[in-house]
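As structure tokens, the structure follows; a few thoughts come after it.
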Amino acid sequence: MRVIRSLWCGVQLLVVAAALASAQTTAIRFGHLADATGRIVDDAVVVVQGDRITSVGSGAKAIPAQATVIDLRPLTGIPGLIDVHTHMTYYWDQQPGTQPWSQQGRRRSAETVFLAQENARKTLATGVTTVRDLGASEYGDIVMRDLINRGAMLGPRMFVAGFGLSRQRTPPRPGAPPGPPRGRISEMADIPVAVKAQVDAGADWIKMYGSTGSAADVTGDETFSFDEMKAAVDAAHAAGKRIAIHSYGPQGGRDAMRAGAESVEHAVDLDDSTLTEMAARGTYYVPTIDHNRYYAEYHEQFGYTPEQVAGLDAYRARNIETARRAWKAHVRFAMGSDAVFTMFGQNTRELRWFVQIGMTPAEALATATTNAAALLGMGQSIGAVAPGYYADIVAVSGDPLRDIRVVTDSVRWVMKGGQVVVDGRKGGRQ
């Protein structure tokens with residue numbers, strides 16, 4: 001039996017070696033590389049085999065014999081970016097006479113997943129190669145993730161949450177599916193049932209809506225108590241999953257942090273003691289400042305009144321001030337766009353706000369690379385250009401460590417998992 005096991009191990013090693021040998025070796029040349037480890041490499045060469053990076057060097061001597069060379073030397077390389085708050089299945093076809101929210105829930109899930117490929121492609125075009133998708137109906141996010149992983153759909157690597165947990169506000173319709181599996185919570189006992197349902201369906205994360213607030217609603221009234229949030233956190237952690245809790249207001253944000261959520265989404269007006277505790281605990285803050293800019297700027301698409309636009313602008317100002325104080329308090333940040341509908345393709349604009357609150361361009365870039373990767377538990381696989389990491393690499397025109405707009409506005413080329421998925425150079429494909 002021992003001999004058979006040894007032979008089987010040997011066969012497995014040979015299969016792995018053969019796969020590596022057959023994988024094409026590609027050498028990518030950059031004028032400069034900001035690899036997210038603190039290094040700047042001039043005349044950089046990144047060697048890729050299969051879907052992984054095998055080496056990072058400098059100059060022609062670093063190019064292996066027989067490697068296919070992609071020469072991007074007029075450009076600067078950075079890691080593939082990570083957006084930790086999207087809603088990829090929120091798709092609007094912009095047909096005349098329709099508004100974005102009016103189409104939600106009226107299409108079959110299969111149709112939505114098919115149409116949402118456009119959101120996925122636009123996300124890749126911003127240099128975002130990984131997303132955390134925080135809430136979808138009918139498990140469309142899980143379907144998208146799996147289709148992308150098998151190569152049947154073009155899109156970023158996805159970590160998904162299934163149905164978000166929210167307070168059941170109205171009696172269920174006669175004949176409606178049970179509430180807890182669909183994330184609708186009526187009582188404490190529903191919470192572990194709802195968490196288990198998402199995990200069993202294949203969710204990577206758990207999402208809880210801990211307050212009111214969405215679209216033009218910026219009220220932020222807490223909808224789950226601390227004890228209920230703690231029940232959700234405990235159930236998620238018992239299942240080996242991490243949890244993100246949405247809260248527009250300070251009370252929900254404070255309770256989410258103290259309950260042990262890995263990340264707090266949106267929250268404004270957090271007091272100094274809360275920010276200090278967030279920093280001590282290592283809780284990530286995902287302020288999503290830019291999504292209220294989006295709603296206000298595109299108010300005509302959504303049919304928002306001038307009063308609603310003023311409310312969105314006022315909330316954004318509070319969001320900016322809270323983020324500024326959080327940064328000074330050394331809270332960890334991760335970049336999340338909260339992209340929905342026509343916001344895809346604008347995923348990285350959040351980085352501009354981060355620079356505005358006091359981050360350097362390098363610190364802002366870290367929120368979408370190393371910090372975001374750590375939040376996802378993927379700090380050894382994504383978020384940097386280094387040997388052993390996925391070959392998620394972006395080329396930009398300019399110096400991203402001097403001007404963050406180079407990252408938000410000047411993406412020219414994107415590789416995800418060793419495959420070129422965007423080539424916006426003259427004569428290239430996209």
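Residue numbering restarts at 1 for every chain of the structure tokens, chains are lettered A, B, ... in their displayed order, and ligands are numbered from 1 as they appear.
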
Those of region 156-316 of chain A in DSSP alpha helix (DSSP H), formatted as a PyMOL selection string:
chain A and resi 190-201+226-238+250-259+272-281+290-297+299-302+306-316

May I have the residues within 10 Å of Gly417 (chain A) as an mmCIF file with all heavy atoms, in the first residue's frame, using only C-alpha atoms and disregarding those fewer than 4 positions away in the same chain?
data_model
loop_
_atom_site.group_PDB
_atom_site.id
_atom_site.type_symbol
_atom_site.label_atom_id
_atom_site.label_comp_id
_atom_site.auth_asym_id
_atom_site.auth_seq_id
_atom_site.Cartn_x
_atom_site.Cartn_y
_atom_site.Cartn_z
ATOM 1 N N VAL A 48 5.657 35.274 -16.481
ATOM 2 C CA VAL A 48 4.403 34.602 -16.160
ATOM 3 C C VAL A 48 4.381 33.230 -16.803
ATOM 4 O O VAL A 48 4.736 33.081 -17.981
ATOM 5 C CB VAL A 48 3.198 35.430 -16.664
ATOM 6 C CG1 VAL A 48 1.891 34.669 -16.491
ATOM 7 C CG2 VAL A 48 3.150 36.781 -15.961
ATOM 8 N N GLN A 49 3.983 32.240 -16.030
ATOM 9 C CA GLN A 49 3.784 30.904 -16.582
ATOM 10 C C GLN A 49 2.422 30.411 -16.125
ATOM 11 O O GLN A 49 2.136 30.358 -14.927
ATOM 12 C CB GLN A 49 4.876 29.942 -16.115
ATOM 13 C CG GLN A 49 4.892 28.631 -16.899
ATOM 14 C CD GLN A 49 6.175 27.852 -16.683
ATOM 15 O OE1 GLN A 49 6.743 27.910 -15.597
ATOM 16 N NE2 GLN A 49 6.624 27.124 -17.681
ATOM 17 N N GLY A 50 1.574 30.090 -17.079
ATOM 18 C CA GLY A 50 0.204 29.728 -16.727
ATOM 19 C C GLY A 50 -0.501 30.933 -16.146
ATOM 20 O O GLY A 50 -0.479 32.026 -16.720
ATOM 21 N N ASP A 51 -1.107 30.770 -14.972
ATOM 22 C CA ASP A 51 -1.840 31.887 -14.362
ATOM 23 C C ASP A 51 -1.062 32.561 -13.237
ATOM 24 O O ASP A 51 -1.596 33.410 -12.535
ATOM 25 C CB ASP A 51 -3.207 31.421 -13.849
ATOM 26 C CG ASP A 51 -3.104 30.376 -12.739
ATOM 27 O OD1 ASP A 51 -1.980 29.946 -12.404
ATOM 28 O OD2 ASP A 51 -4.162 29.981 -12.211
ATOM 29 N N ARG A 52 0.222 32.209 -13.079
ATOM 30 C CA ARG A 52 1.015 32.739 -11.961
ATOM 31 C C ARG A 52 2.260 33.466 -12.437
ATOM 32 O O ARG A 52 2.805 33.213 -13.510
ATOM 33 C CB ARG A 52 1.433 31.592 -11.040
ATOM 34 C CG ARG A 52 0.280 30.802 -10.438
ATOM 35 C CD ARG A 52 -0.263 31.462 -9.205
ATOM 36 N NE ARG A 52 -1.379 30.699 -8.634
ATOM 37 C CZ ARG A 52 -1.836 30.848 -7.398
ATOM 38 N NH1 ARG A 52 -1.271 31.731 -6.590
ATOM 39 N NH2 ARG A 52 -2.858 30.142 -6.965
ATOM 40 N N ILE A 53 2.734 34.349 -11.566
ATOM 41 C CA ILE A 53 4.003 35.041 -11.783
ATOM 42 C C ILE A 53 5.121 34.149 -11.249
ATOM 43 O O ILE A 53 5.038 33.638 -10.122
ATOM 44 C CB ILE A 53 4.009 36.387 -11.048
ATOM 45 C CG1 ILE A 53 2.931 37.312 -11.625
ATOM 46 C CG2 ILE A 53 5.378 37.049 -11.118
ATOM 47 C CD1 ILE A 53 2.630 38.523 -10.755
ATOM 48 N N GLY A 80 -3.040 44.041 -10.404
ATOM 49 C CA GLY A 80 -4.471 44.082 -10.665
ATOM 50 C C GLY A 80 -5.196 44.645 -9.457
ATOM 51 O O GLY A 80 -4.880 44.307 -8.312
ATOM 52 N N THR A 129 -9.342 43.475 -11.316
ATOM 53 C CA THR A 129 -9.315 42.059 -11.698
ATOM 54 C C THR A 129 -9.957 41.160 -10.642
ATOM 55 O O THR A 129 -10.121 39.960 -10.879
ATOM 56 C CB THR A 129 -7.866 41.603 -11.943
ATOM 57 O OG1 THR A 129 -7.062 41.941 -10.808
ATOM 58 C CG2 THR A 129 -7.287 42.277 -13.188
ATOM 59 N N PRO A 156 -13.978 39.795 -13.766
ATOM 60 C CA PRO A 156 -13.010 39.747 -12.667
ATOM 61 C C PRO A 156 -13.214 38.516 -11.800
ATOM 62 O O PRO A 156 -14.296 37.904 -11.798
ATOM 63 C CB PRO A 156 -13.322 41.027 -11.884
ATOM 64 C CG PRO A 156 -14.770 41.283 -12.155
ATOM 65 C CD PRO A 156 -15.002 40.829 -13.561
ATOM 66 N N ARG A 157 -12.192 38.158 -11.072
ATOM 67 C CA ARG A 157 -12.323 37.107 -10.048
ATOM 68 C C ARG A 157 -13.334 37.607 -9.015
ATOM 69 O O ARG A 157 -13.244 38.741 -8.555
ATOM 70 C CB ARG A 157 -10.950 36.875 -9.424
ATOM 71 C CG ARG A 157 -10.831 35.723 -8.482
ATOM 72 C CD ARG A 157 -9.393 35.528 -8.044
ATOM 73 N NE ARG A 157 -8.563 35.063 -9.148
ATOM 74 C CZ ARG A 157 -7.717 35.802 -9.822
ATOM 75 N NH1 ARG A 157 -7.577 37.083 -9.512
ATOM 76 N NH2 ARG A 157 -7.007 35.301 -10.805
ATOM 77 N N ILE A 382 -3.042 37.599 -4.356
ATOM 78 C CA ILE A 382 -3.412 38.726 -5.200
ATOM 79 C C ILE A 382 -2.999 40.028 -4.512
ATOM 80 O O ILE A 382 -2.638 40.029 -3.337
ATOM 81 C CB ILE A 382 -4.926 38.757 -5.511
ATOM 82 C CG1 ILE A 382 -5.758 38.859 -4.220
ATOM 83 C CG2 ILE A 382 -5.340 37.542 -6.321
ATOM 84 C CD1 ILE A 382 -7.255 39.006 -4.448
ATOM 85 N N TYR A 389 2.269 34.778 -6.988
ATOM 86 C CA TYR A 389 0.968 35.445 -7.036
ATOM 87 C C TYR A 389 0.298 35.202 -8.386
ATOM 88 O O TYR A 389 0.964 34.918 -9.392
ATOM 89 C CB TYR A 389 1.124 36.951 -6.821
ATOM 90 C CG TYR A 389 1.317 37.366 -5.381
ATOM 91 C CD1 TYR A 389 2.436 36.950 -4.658
ATOM 92 C CD2 TYR A 389 0.381 38.164 -4.736
ATOM 93 C CE1 TYR A 389 2.621 37.331 -3.334
ATOM 94 C CE2 TYR A 389 0.552 38.551 -3.410
ATOM 95 C CZ TYR A 389 1.671 38.125 -2.718
ATOM 96 O OH TYR A 389 1.844 38.496 -1.414
ATOM 97 N N TYR A 390 -1.033 35.321 -8.390
ATOM 98 C CA TYR A 390 -1.739 35.301 -9.663
ATOM 99 C C TYR A 390 -1.199 36.409 -10.560
ATOM 100 O O TYR A 390 -0.863 37.502 -10.089
ATOM 101 C CB TYR A 390 -3.242 35.498 -9.469
ATOM 102 C CG TYR A 390 -3.964 34.256 -9.024
ATOM 103 C CD1 TYR A 390 -4.493 34.160 -7.737
ATOM 104 C CD2 TYR A 390 -4.127 33.169 -9.890
ATOM 105 C CE1 TYR A 390 -5.150 33.016 -7.321
ATOM 106 C CE2 TYR A 390 -4.785 32.019 -9.481
ATOM 107 C CZ TYR A 390 -5.295 31.950 -8.195
ATOM 108 O OH TYR A 390 -5.942 30.812 -7.786
ATOM 109 N N ALA A 391 -1.143 36.115 -11.847
ATOM 110 C CA ALA A 391 -0.662 37.098 -12.816
ATOM 111 C C ALA A 391 -1.797 38.060 -13.153
ATOM 112 O O ALA A 391 -2.356 38.063 -14.243
ATOM 113 C CB ALA A 391 -0.139 36.402 -14.069
ATOM 114 N N ASP A 392 -2.147 38.869 -12.156
ATOM 115 C CA ASP A 392 -3.117 39.956 -12.306
ATOM 116 C C ASP A 392 -2.304 41.247 -12.359
ATOM 117 O O ASP A 392 -1.784 41.709 -11.329
ATOM 118 C CB ASP A 392 -4.082 40.005 -11.127
ATOM 119 C CG ASP A 392 -4.964 38.770 -11.009
ATOM 120 O OD1 ASP A 392 -4.950 37.928 -11.931
ATOM 121 O OD2 ASP A 392 -5.673 38.639 -9.987
ATOM 122 N N ILE A 393 -2.181 41.818 -13.543
ATOM 123 C CA ILE A 393 -1.243 42.927 -13.760
ATOM 124 C C ILE A 393 -1.910 43.963 -14.654
ATOM 125 O O ILE A 393 -2.606 43.611 -15.614
ATOM 126 C CB ILE A 393 0.057 42.421 -14.427
ATOM 127 C CG1 ILE A 393 0.625 41.203 -13.674
ATOM 128 C CG2 ILE A 393 1.097 43.528 -14.492
ATOM 129 C CD1 ILE A 393 1.722 40.477 -14.428
ATOM 130 N N VAL A 421 -6.816 40.513 -20.960
ATOM 131 C CA VAL A 421 -8.270 40.708 -21.071
ATOM 132 C C VAL A 421 -8.634 42.101 -21.573
ATOM 133 O O VAL A 421 -9.773 42.330 -21.996
ATOM 134 C CB VAL A 421 -8.972 40.431 -19.718
ATOM 135 C CG1 VAL A 421 -8.876 38.960 -19.365
ATOM 136 C CG2 VAL A 421 -8.387 41.287 -18.586
#

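Distances to Gly345 (chain A) were evaluated for A:Tyr294, A:Phe30, A:Trp205, A:Tyr139 using only C-alpha atoms, and the minimum falls at A:Tyr294.
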
Secondary structure check, strand (DSSP E or B) residues of region 172-404 of chain A, as a PyMOL selection string:
chain A and resi 184-185+205-209+211+214+217+222+242-246+263-265+284-286+332-333+339+390+393-396

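Across A:Ile289, A:Leu124, A:Ala161, A:Ala314, the tightest approach to Ala201 (chain A) is made by A:Ala161 when counting only C-alpha atoms.
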
So that I can see what lies close to Arg349 (chain A), please list as a compact mmCIF listing (two decimals) with all heavy atoms, in the first residue's frame the residues with an atom at most 12 Å from it, counting only C-alpha atoms and leaving out residues fewer than 5 positions away in the same chain.
# COMPACT_ATOMS: atom_id res chain seq x y z
N ASP A 83 -11.75 45.66 -6.04
CA ASP A 83 -12.90 46.45 -5.61
C ASP A 83 -13.70 45.58 -4.63
O ASP A 83 -14.28 44.58 -5.04
CB ASP A 83 -13.74 46.83 -6.83
CG ASP A 83 -14.93 47.73 -6.49
OD1 ASP A 83 -15.26 47.87 -5.31
OD2 ASP A 83 -15.54 48.28 -7.44
N THR A 123 -15.81 46.53 -15.66
CA THR A 123 -14.99 46.47 -14.44
C THR A 123 -13.55 46.13 -14.78
O THR A 123 -12.61 46.76 -14.30
CB THR A 123 -15.59 45.47 -13.45
OG1 THR A 123 -16.89 45.92 -13.05
CG2 THR A 123 -14.72 45.30 -12.23
N THR A 126 -11.33 48.93 -16.04
CA THR A 126 -10.79 49.89 -15.06
C THR A 126 -9.53 49.36 -14.39
O THR A 126 -8.95 50.05 -13.54
CB THR A 126 -11.82 50.22 -13.97
OG1 THR A 126 -12.05 49.06 -13.15
CG2 THR A 126 -13.13 50.69 -14.56
N GLY A 127 -9.11 48.15 -14.73
CA GLY A 127 -7.96 47.54 -14.09
C GLY A 127 -8.33 46.72 -12.87
O GLY A 127 -7.44 46.19 -12.19
N VAL A 128 -9.61 46.58 -12.58
CA VAL A 128 -10.07 45.77 -11.45
C VAL A 128 -10.17 44.32 -11.90
O VAL A 128 -11.00 43.98 -12.75
CB VAL A 128 -11.42 46.28 -10.91
CG1 VAL A 128 -12.02 45.29 -9.92
CG2 VAL A 128 -11.25 47.65 -10.25
N THR A 288 -17.02 53.83 0.69
CA THR A 288 -17.81 53.96 -0.55
C THR A 288 -18.29 55.40 -0.76
O THR A 288 -19.46 55.64 -1.07
CB THR A 288 -19.02 52.99 -0.57
OG1 THR A 288 -19.97 53.35 0.45
CG2 THR A 288 -18.58 51.54 -0.37
N ILE A 289 -17.39 56.34 -0.66
CA ILE A 289 -17.73 57.75 -0.82
C ILE A 289 -18.28 58.03 -2.21
O ILE A 289 -19.26 58.77 -2.39
CB ILE A 289 -16.50 58.63 -0.56
CG1 ILE A 289 -15.98 58.44 0.87
CG2 ILE A 289 -16.80 60.09 -0.84
CD1 ILE A 289 -14.57 58.98 1.10
N ASP A 290 -17.68 57.40 -3.21
CA ASP A 290 -17.98 57.79 -4.59
C ASP A 290 -19.36 57.36 -5.04
O ASP A 290 -19.90 57.93 -5.99
CB ASP A 290 -16.92 57.21 -5.53
CG ASP A 290 -16.96 57.86 -6.90
OD1 ASP A 290 -16.80 59.10 -6.97
OD2 ASP A 290 -17.18 57.14 -7.90
N HIS A 291 -19.96 56.37 -4.40
CA HIS A 291 -21.25 55.92 -4.92
C HIS A 291 -22.34 56.97 -4.73
O HIS A 291 -23.28 57.06 -5.54
CB HIS A 291 -21.65 54.56 -4.35
CG HIS A 291 -22.32 54.57 -3.03
ND1 HIS A 291 -23.44 53.81 -2.77
CD2 HIS A 291 -22.04 55.21 -1.88
CE1 HIS A 291 -23.82 53.99 -1.51
NE2 HIS A 291 -22.98 54.82 -0.96
N ASN A 292 -22.22 57.83 -3.71
CA ASN A 292 -23.19 58.92 -3.58
C ASN A 292 -22.91 60.04 -4.57
O ASN A 292 -23.83 60.74 -5.00
CB ASN A 292 -23.21 59.44 -2.14
CG ASN A 292 -23.93 58.47 -1.23
OD1 ASN A 292 -25.02 58.01 -1.55
ND2 ASN A 292 -23.33 58.13 -0.11
N ARG A 293 -21.64 60.22 -4.94
CA ARG A 293 -21.32 61.11 -6.07
C ARG A 293 -22.03 60.61 -7.32
O ARG A 293 -22.64 61.39 -8.07
CB ARG A 293 -19.81 61.15 -6.27
CG ARG A 293 -19.30 62.09 -7.38
CD ARG A 293 -19.37 61.54 -8.78
NE ARG A 293 -18.82 60.20 -8.90
CZ ARG A 293 -18.98 59.43 -9.97
NH1 ARG A 293 -19.71 59.83 -11.00
NH2 ARG A 293 -18.46 58.23 -10.01
N TYR A 294 -21.98 59.30 -7.55
CA TYR A 294 -22.61 58.71 -8.73
C TYR A 294 -24.11 58.96 -8.75
O TYR A 294 -24.68 59.41 -9.75
CB TYR A 294 -22.30 57.22 -8.77
CG TYR A 294 -23.19 56.42 -9.70
CD1 TYR A 294 -23.04 56.52 -11.09
CD2 TYR A 294 -24.17 55.57 -9.21
CE1 TYR A 294 -23.85 55.79 -11.94
CE2 TYR A 294 -24.98 54.85 -10.06
CZ TYR A 294 -24.82 54.96 -11.43
OH TYR A 294 -25.64 54.24 -12.28
N MET A 335 -10.65 49.70 -0.72
CA MET A 335 -11.43 50.42 -1.71
C MET A 335 -12.66 49.63 -2.14
O MET A 335 -12.55 48.48 -2.58
CB MET A 335 -10.59 50.71 -2.96
CG MET A 335 -11.32 51.55 -3.99
SD MET A 335 -10.63 51.44 -5.67
CE MET A 335 -11.28 49.86 -6.23
N GLY A 336 -13.81 50.25 -2.00
CA GLY A 336 -15.05 49.67 -2.50
C GLY A 336 -15.86 50.73 -3.21
O GLY A 336 -16.04 51.83 -2.69
N SER A 337 -16.34 50.42 -4.39
CA SER A 337 -17.07 51.41 -5.19
C SER A 337 -18.57 51.41 -4.90
O SER A 337 -19.23 52.43 -5.06
CB SER A 337 -16.87 51.13 -6.68
OG SER A 337 -17.47 49.88 -7.04
N ASP A 338 -19.12 50.27 -4.48
CA ASP A 338 -20.57 50.06 -4.42
C ASP A 338 -21.18 50.28 -5.80
O ASP A 338 -22.25 50.85 -5.96
CB ASP A 338 -21.23 50.97 -3.38
CG ASP A 338 -22.59 50.42 -2.91
OD1 ASP A 338 -22.98 49.32 -3.36
OD2 ASP A 338 -23.26 51.10 -2.13
N ALA A 339 -20.47 49.79 -6.83
CA ALA A 339 -20.92 49.99 -8.21
C ALA A 339 -22.21 49.25 -8.49
O ALA A 339 -22.36 48.07 -8.14
CB ALA A 339 -19.84 49.53 -9.18
N MET A 343 -22.66 52.59 -13.14
CA MET A 343 -21.43 52.99 -12.45
C MET A 343 -20.27 52.06 -12.79
O MET A 343 -19.10 52.41 -12.53
CB MET A 343 -21.66 53.02 -10.94
CG MET A 343 -20.52 53.68 -10.17
SD MET A 343 -20.82 53.67 -8.40
CE MET A 343 -19.30 54.41 -7.80
N PHE A 344 -20.55 50.88 -13.35
CA PHE A 344 -19.44 50.01 -13.74
C PHE A 344 -18.63 50.69 -14.83
O PHE A 344 -19.18 51.29 -15.76
CB PHE A 344 -19.98 48.65 -14.19
CG PHE A 344 -20.56 47.87 -13.06
CD1 PHE A 344 -21.92 47.87 -12.82
CD2 PHE A 344 -19.74 47.17 -12.20
CE1 PHE A 344 -22.46 47.17 -11.76
CE2 PHE A 344 -20.27 46.47 -11.12
CZ PHE A 344 -21.64 46.48 -10.90
N PHE A 354 -9.80 59.21 -1.56
CA PHE A 354 -8.82 58.81 -0.55
C PHE A 354 -7.63 59.77 -0.54
O PHE A 354 -7.10 60.10 0.53
CB PHE A 354 -8.36 57.37 -0.80
CG PHE A 354 -9.39 56.33 -0.47
CD1 PHE A 354 -9.18 55.00 -0.80
CD2 PHE A 354 -10.56 56.65 0.18
CE1 PHE A 354 -10.11 54.02 -0.49
CE2 PHE A 354 -11.52 55.69 0.50
CZ PHE A 354 -11.29 54.37 0.16
N VAL A 355 -7.21 60.20 -1.71
CA VAL A 355 -6.13 61.19 -1.76
C VAL A 355 -6.62 62.51 -1.18
O VAL A 355 -5.88 63.20 -0.46
CB VAL A 355 -5.63 61.35 -3.21
CG1 VAL A 355 -4.69 62.55 -3.33
CG2 VAL A 355 -4.91 60.08 -3.66
N GLN A 356 -7.87 62.85 -1.44
CA GLN A 356 -8.42 64.10 -0.92
C GLN A 356 -8.44 64.12 0.61
O GLN A 356 -8.24 65.16 1.23
CB GLN A 356 -9.84 64.32 -1.45
CG GLN A 356 -10.46 65.63 -1.01
CD GLN A 356 -11.80 65.90 -1.68
OE1 GLN A 356 -11.97 65.67 -2.88
NE2 GLN A 356 -12.76 66.39 -0.90
N ALA A 364 -3.20 55.29 -1.22
CA ALA A 364 -4.50 55.04 -1.85
C ALA A 364 -4.45 53.77 -2.69
O ALA A 364 -5.37 52.94 -2.64
CB ALA A 364 -4.90 56.23 -2.71
N LEU A 365 -3.36 53.61 -3.45
CA LEU A 365 -3.22 52.40 -4.27
C LEU A 365 -3.22 51.14 -3.41
O LEU A 365 -3.78 50.11 -3.80
CB LEU A 365 -1.93 52.49 -5.10
CG LEU A 365 -1.66 51.35 -6.08
CD1 LEU A 365 -2.78 51.22 -7.10
CD2 LEU A 365 -0.32 51.57 -6.78
N ALA A 368 -6.50 49.38 -2.70
CA ALA A 368 -7.08 48.57 -3.77
C ALA A 368 -6.17 47.42 -4.17
O ALA A 368 -6.44 46.74 -5.17
CB ALA A 368 -7.34 49.46 -4.99
N ILE A 404 -2.76 59.97 -8.59
CA ILE A 404 -3.68 58.84 -8.54
C ILE A 404 -4.58 58.78 -9.77
O ILE A 404 -5.11 57.72 -10.11
CB ILE A 404 -4.53 58.89 -7.24
CG1 ILE A 404 -5.11 57.49 -6.93
CG2 ILE A 404 -5.63 59.93 -7.36
CD1 ILE A 404 -4.09 56.42 -6.67
N ARG A 405 -4.71 59.91 -10.49
CA ARG A 405 -5.54 59.90 -11.70
C ARG A 405 -4.94 59.02 -12.78
O ARG A 405 -5.66 58.59 -13.70
CB ARG A 405 -5.73 61.33 -12.21
CG ARG A 405 -6.62 62.19 -11.30
CD ARG A 405 -6.67 63.62 -11.76
NE ARG A 405 -5.34 64.23 -11.70
CZ ARG A 405 -5.09 65.48 -12.07
NH1 ARG A 405 -6.07 66.24 -12.53
NH2 ARG A 405 -3.86 65.97 -11.98
N VAL A 406 -3.66 58.72 -12.67
CA VAL A 406 -3.05 57.75 -13.59
C VAL A 406 -3.73 56.39 -13.44
O VAL A 406 -3.97 55.68 -14.42
CB VAL A 406 -1.53 57.65 -13.31
CG1 VAL A 406 -0.92 56.46 -14.03
CG2 VAL A 406 -0.85 58.94 -13.74
N VAL A 407 -4.07 56.04 -12.20
CA VAL A 407 -4.74 54.76 -11.94
C VAL A 407 -6.21 54.83 -12.35
O VAL A 407 -6.75 53.88 -12.94
CB VAL A 407 -4.63 54.39 -10.45
CG1 VAL A 407 -5.36 53.08 -10.16
CG2 VAL A 407 -3.17 54.29 -10.03
N THR A 408 -6.87 55.94 -12.06
CA THR A 408 -8.31 56.01 -12.31
C THR A 408 -8.65 56.30 -13.77
O THR A 408 -9.74 55.95 -14.22
CB THR A 408 -8.97 57.08 -11.42
OG1 THR A 408 -8.41 58.37 -11.71
CG2 THR A 408 -8.75 56.77 -9.95
N ASP A 409 -7.73 56.94 -14.50
CA ASP A 409 -8.07 57.42 -15.84
C ASP A 409 -7.20 56.87 -16.97
O ASP A 409 -7.53 57.09 -18.13
CB ASP A 409 -7.95 58.96 -15.90
CG ASP A 409 -8.87 59.66 -14.92
OD1 ASP A 409 -9.75 59.00 -14.34
OD2 ASP A 409 -8.69 60.88 -14.72
N SER A 410 -6.09 56.20 -16.65
CA SER A 410 -5.12 55.90 -17.71
C SER A 410 -4.73 54.43 -17.77
O SER A 410 -3.57 54.10 -18.03
CB SER A 410 -3.86 56.77 -17.52
OG SER A 410 -4.18 58.14 -17.63

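The list of residues with at least one atom within 9 Å of Val195 (chain A), based on only C-alpha atoms and without residues fewer than 3 positions apart in the same chain, reads A:Leu165, A:Pro180, A:Pro181, A:Gly183, A:Asp190, A:Ile191, A:Pro192, A:Gln198, A:Val199, A:Asp200, A:Ile206, A:Ala232, A:Ala235, A:Ala236, A:Ala239.
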
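Nearest-residue note for Arg318 (chain A): choosing from A:Gly260, A:Pro287, A:Gly253, A:Pro64, the minimum distance belongs to A:Pro287, counting only C-alpha atoms.
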
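For the residues A:Pro177, A:Ile357, A:Arg242, A:Arg184, ranking by smallest atom-to-atom distance to Arg132 (chain A) using only C-alpha atoms places A:Arg242 first.
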
Using 9 Å as the limit and counting only C-alpha atoms, can you tabulate each residue of region 280-384 of chain A that touches region 215-222 of chain A, with its shortest atom-to-atom distance in Å and the two atoms involved, as JSON lines?
{"residue": "A:His291", "atom": "CA", "partner": "A:Ala215", "partner_atom": "CA", "distance": 8.7}
{"residue": "A:Asn292", "atom": "CA", "partner": "A:Ala215", "partner_atom": "CA", "distance": 7.7}
{"residue": "A:Tyr295", "atom": "CA", "partner": "A:Ala215", "partner_atom": "CA", "distance": 6.8}
{"residue": "A:Ala296", "atom": "CA", "partner": "A:Ala216", "partner_atom": "CA", "distance": 8.5}
{"residue": "A:Phe302", "atom": "CA", "partner": "A:Ala215", "partner_atom": "CA", "distance": 8.9}
{"residue": "A:Tyr304", "atom": "CA", "partner": "A:Ala216", "partner_atom": "CA", "distance": 7.4}
{"residue": "A:Gln308", "atom": "CA", "partner": "A:Ala216", "partner_atom": "CA", "distance": 6.1}
{"residue": "A:Val309", "atom": "CA", "partner": "A:Ala216", "partner_atom": "CA", "distance": 7.6}
{"residue": "A:Gly311", "atom": "CA", "partner": "A:Val218", "partner_atom": "CA", "distance": 7.2}
{"residue": "A:Leu312", "atom": "CA", "partner": "A:Ala216", "partner_atom": "CA", "distance": 6.5}
{"residue": "A:Tyr315", "atom": "CA", "partner": "A:Val218", "partner_atom": "CA", "distance": 6.8}

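Take CA of Val193 (chain A) and CA of Ala372 (chain A): the distance between them is 28.7 Å.
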
12 Å contact set for Asn149 (chain A), only C-alpha atoms, chain neighbours under 6 positions out, as a ChimeraX atom specification:
/A:130,142-143,155-159,416-417

Write the selection just made, keeping C-alpha atoms, as an mmCIF file, in the first residue's frame?
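Heads up, here's the output in result28.cif:
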data_model
loop_
_atom_site.group_PDB
_atom_site.id
_atom_site.type_symbol
_atom_site.label_atom_id
_atom_site.label_comp_id
_atom_site.auth_asym_id
_atom_site.auth_seq_id
_atom_site.Cartn_x
_atom_site.Cartn_y
_atom_site.Cartn_z
ATOM 1 C CA THR A 130 -10.969 40.979 -8.414
ATOM 2 C CA ILE A 142 -22.601 32.693 -7.442
ATOM 3 C CA VAL A 143 -23.466 31.711 -11.013
ATOM 4 C CA GLY A 155 -14.952 39.043 -15.838
ATOM 5 C CA PRO A 156 -13.010 39.747 -12.667
ATOM 6 C CA ARG A 157 -12.323 37.107 -10.048
ATOM 7 C CA MET A 158 -15.385 37.230 -7.769
ATOM 8 C CA PHE A 159 -15.931 36.623 -4.050
ATOM 9 C CA LYS A 416 -5.974 38.572 -15.269
ATOM 10 C CA GLY A 417 -4.655 35.152 -14.308
#

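Separating CA of Val47 (chain A) from CA of Val411 (chain A) is a distance of 20.5 Å.
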
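Minimum distance to Ala203 (chain A) across A:Gly418, A:Gly151, A:Gly249, A:Gly135 (counting only C-alpha atoms) occurs at A:Gly135.
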
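The smallest atom-to-atom distance between Ser397 (chain A) and any of A:Thr25, A:Arg425, A:Ala116, A:Ser273, using only C-alpha atoms, is found for A:Arg425.
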
Report as a PyMOL selection string all protein, DNA and RNA residues lying within 8 Å of Ile78 (chain A), evaluated on only C-alpha atoms, omitting residues in the same chain fewer than 4 positions from it.
chain A and resi 33-36+384-385+393-396

CA of Met415 (chain A) to CA of Pro361 (chain A) measures 22.1 Å
